[in-house]
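J.: Take a look at this one; I'll ask things after.
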Amino acid sequence: MKEGTKLVVSPSPHVKDAISVRGIMSAVIVALIPATVSGIYLFGLHALAVIIASILSAVGTEFVALKLMGRKFVMDGSAVLTGLLLALCLPPTVPLWMPIVGAAFGIAIGKCAFGGLGHNIFNPALVGRVFLALSWPALMTRWVTPFDAVSTATPLAKGFGSVPIFDLFVGNVAGCIGETSALAILIGGAFLIAMRYIDWRVPLFYIGTVGFLMLFLGQNSILDASDLDSLVEVGKESLFHMFAGGLFLGAFFMATDYVTTPMTKLGRIIFAVGAGILVVAIRTVGGYPEGVAFSILIMNGFTPLIDRVIKPRVYGTKRGFVGGG
């Protein structure tokens with residue numbers, strides 16, 4: 001492989017390249033800078049403190065865990081990324097002990113308990129996030145408006161029509177630190193796709209599935225539309241569910257995790273569509289207004305099965321032969 005080409009995660013055979021785990025993690029962290037800066041700008045210095053506390057806890061927990069496992073600690077950036085992702089999907093009002101506890105749980109139980117980097121079944125950041133949500137639901141549902149920090153509900157909790165679509169797109173709404181601005185996340189996600197660090201199919205089919213199903217299952221259904229105005233409302237509600245909550249952050253930065261998502265292109269599409277269906281089910285008939293974290297974790301559990309069923313063609317054989325003995 002020529003120098004300067006980028007790593008594409010795929011089934012074997014593999015060609016070695018100069019790119020490293022540290023390089024990939026660094027690129028993803030760089031891609032999260034727009035969402036991170038946006039969150040600090042919208043919610044203030046406490047959001048920055050939450051981010052710092054989460055990262056330090058993640059790195060410290062991994063250091064201790066690896067020492068207890070008798071393994072060498074290497075600063076490859078994966079723990080930093082886990083801490084950052086966890087912080088970005090936390091409310092900006094949480095006390096500082098919560099990201100510390102959540103990051104420690106995510107690294108220790110969601111990652112190191114399975115054997116460390118490359119062996120974990122579930123996304124560690126989401127493991128920490130769901131642990132906090134189930135353990136301290138009241139603290140995890142305290143939201144404030146950007147800039148003036150007035151207590152309020154999130155757009156998903158208020159429902160469609162509560163905020164302008166443009167505000168959802170730029171992030172001028174209540175929500176988690178790094179989830180509110182679809183624009184900031186899209187900038188980082190586009191960078192990762194352009195550099196071929198992530199597969200574009202996952203965010204496209206994940207977000208697209210949610211948008212498509214909401215055309216039929218939202219409070220404004222395309223089946224009931226009778227004129228142009230009603231069709232516009234249907235489209236707006238579909239956009240609302242795509243931009244609101246953590247769908248963009250989950251689609252670009254968590255559902256594309258190399259370790260916990262399928263290896264094949266078709267497998268990733270199945271994974272993304274399944275996660276999208278779960279988001280819509282949770283939002284429309286479930287007990288939570290959101291559903292991204294649960295949808296990705298549930299599909300993480302199906303990843304081994306998807307990889308087992310959707311097998312790539314064995315190198316050097318005719319199409320249709322999956323091999324494997």
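Each chain in the structure tokens gets a letter, A, B and so on, in the order shown; residues start at 1 in every chain, and ligands are counted from 1 in the order they appear.
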Near A:Phe169, within 10 Å and counting only C-alpha atoms, which residues show up once chain neighbours fewer than 3 positions away are dropped, as number ranges by chain?

T.: A: 164-166, 172-173, 180-186, 239-240, 242-244

J.: Please, could you write that set of residues out with C-alpha atoms as a JSON list (two decimals), in the first residue's frame?

T.:
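Full text of selection33.json as output:
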[["chain", "number", "residue", "atom", "x", "y", "z"],
["A", 164, "PRO", "CA", -37.36, 25.90, 15.07],
["A", 165, "ILE", "CA", -35.55, 23.37, 12.87],
["A", 166, "PHE", "CA", -32.72, 25.86, 12.31],
["A", 172, "ASN", "CA", -29.30, 26.66, 20.09],
["A", 173, "VAL", "CA", -31.43, 24.27, 22.17],
["A", 180, "THR", "CA", -27.17, 19.79, 20.30],
["A", 181, "SER", "CA", -25.38, 21.11, 17.20],
["A", 182, "ALA", "CA", -25.98, 18.84, 14.22],
["A", 183, "LEU", "CA", -23.87, 21.24, 12.16],
["A", 184, "ALA", "CA", -20.80, 20.88, 14.38],
["A", 185, "ILE", "CA", -21.11, 17.09, 14.42],
["A", 186, "LEU", "CA", -21.63, 16.99, 10.66],
["A", 239, "LEU", "CA", -36.00, 16.62, 10.13],
["A", 240, "PHE", "CA", -36.86, 17.31, 13.77],
["A", 242, "MET", "CA", -33.04, 13.56, 12.71],
["A", 243, "PHE", "CA", -31.54, 16.71, 14.25],
["A", 244, "ALA", "CA", -32.91, 16.40, 17.81]]

J.: Which neighbours of A:Asp307 fall inside 7 Å, counting only C-alpha atoms, when residues of the same chain fewer than 4 positions from it are skipped, and could you give them as a ChimeraX atom specification?

T.: /A:262-263,267,303,311

J.: Take the residues from that selection and write them out as an mmCIF file, in the first residue's frame, keeping N, CA and C atoms.

T.:
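Produced file part_19.cif, reproduced below:
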data_model
loop_
_atom_site.group_PDB
_atom_site.id
_atom_site.type_symbol
_atom_site.label_atom_id
_atom_site.label_comp_id
_atom_site.auth_asym_id
_atom_site.auth_seq_id
_atom_site.Cartn_x
_atom_site.Cartn_y
_atom_site.Cartn_z
ATOM 1 N N PRO A 262 -20.224 -4.293 12.810
ATOM 2 C CA PRO A 262 -19.861 -5.362 11.874
ATOM 3 C C PRO A 262 -18.707 -4.999 10.941
ATOM 4 N N MET A 263 -18.056 -6.026 10.417
ATOM 5 C CA MET A 263 -16.893 -5.829 9.553
ATOM 6 C C MET A 263 -17.277 -5.577 8.102
ATOM 7 N N GLY A 267 -23.157 -5.869 6.475
ATOM 8 C CA GLY A 267 -23.380 -5.995 7.911
ATOM 9 C C GLY A 267 -23.558 -4.654 8.576
ATOM 10 N N THR A 303 -23.855 -7.641 16.830
ATOM 11 C CA THR A 303 -22.736 -7.579 15.894
ATOM 12 C C THR A 303 -22.091 -8.938 15.638
ATOM 13 N N LYS A 311 -21.113 -13.189 5.832
ATOM 14 C CA LYS A 311 -19.687 -13.476 5.666
ATOM 15 C C LYS A 311 -19.190 -12.947 4.323
#

J.: Could you find all residues in stretch 115-235 of chain A that DSSP calls alpha helix (DSSP H) from the backbone, and write them as an MDAnalysis selection string?

T.: chainID A and resid 124:135 155:158 165:170 182:194 201:217 228:235

J.: I'd like to know which residues of stretch 99-163 of chain A are strand (DSSP E) (by DSSP, run on the backbone); could you write them as a ChimeraX atom specification?

T.: /A:143-144,151-152

J.: Put those residues in a file: N, CA and C atoms, as a PDB file, in the first residue's frame.

T.:
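As a result, part-v3.pdb now contains:
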ATOM      1  N   TRP A 143     -31.957  19.783  32.319  1.00  0.00           N
ATOM      2  CA  TRP A 143     -31.490  20.478  31.125  1.00  0.00           C
ATOM      3  C   TRP A 143     -31.596  21.983  31.299  1.00  0.00           C
ATOM      4  N   VAL A 144     -30.754  22.707  30.602  1.00  0.00           N
ATOM      5  CA  VAL A 144     -30.798  24.165  30.648  1.00  0.00           C
ATOM      6  C   VAL A 144     -30.677  24.707  29.229  1.00  0.00           C
ATOM      7  N   SER A 151     -33.571  26.514  33.375  1.00  0.00           N
ATOM      8  CA  SER A 151     -34.044  25.127  33.349  1.00  0.00           C
ATOM      9  C   SER A 151     -35.178  24.958  32.342  1.00  0.00           C
ATOM     10  N   THR A 152     -35.098  23.893  31.568  1.00  0.00           N
ATOM     11  CA  THR A 152     -36.112  23.628  30.560  1.00  0.00           C
ATOM     12  C   THR A 152     -36.034  22.163  30.153  1.00  0.00           C
TER      13      THR A 152
END

J.: Neighbours of A:Phe302 within 10 Å (only C-alpha atoms; same-chain residues fewer than 5 positions away dropped), as a ChimeraX atom specification?

T.: /A:121,260-262,271,274,296-297,307-308

J.: Find the residues near A:Arg201: any atom within 9 Å, counting only C-alpha atoms, skip ones fewer than 2 places away on the same chain, and give them as a compact mmCIF listing (two decimals) with C-alpha atoms, in the first residue's frame.

T.:
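The new file out34.txt reads:
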# COMPACT_ATOMS: atom_id res chain seq x y z
CA ILE A 198 -15.38 5.67 9.01
CA ASP A 199 -17.83 4.04 6.64
CA PRO A 203 -24.50 7.34 9.47
CA LEU A 204 -26.42 7.51 6.19
CA PHE A 205 -28.57 4.45 6.86
CA TYR A 206 -28.88 5.13 10.60
CA LYS A 265 -20.41 -3.33 4.29
CA ARG A 268 -22.91 -2.32 8.74
CA ILE A 269 -26.02 -1.41 6.76
CA ALA A 272 -27.45 0.92 11.06

J.: Write out as a count of residues only the residues lying within 12 Å of A:Met69, counting only C-alpha atoms and excluding same-chain residues fewer than 2 positions away.

T.: 15

J.: So the first atom is atom CA of A:Val50 and the second is atom CA of A:Leu96; what is the distance between them in Å, to one decimal place?

T.: 5.8 Å

J.: Hey, which of A:Leu305, A:Ala31, A:Leu249, A:Leu85 ends up closest to A:Pro124? Count only C-alpha atoms.

T.: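 The shortest atom-to-atom distance to A:Pro124 comes from A:Leu85.
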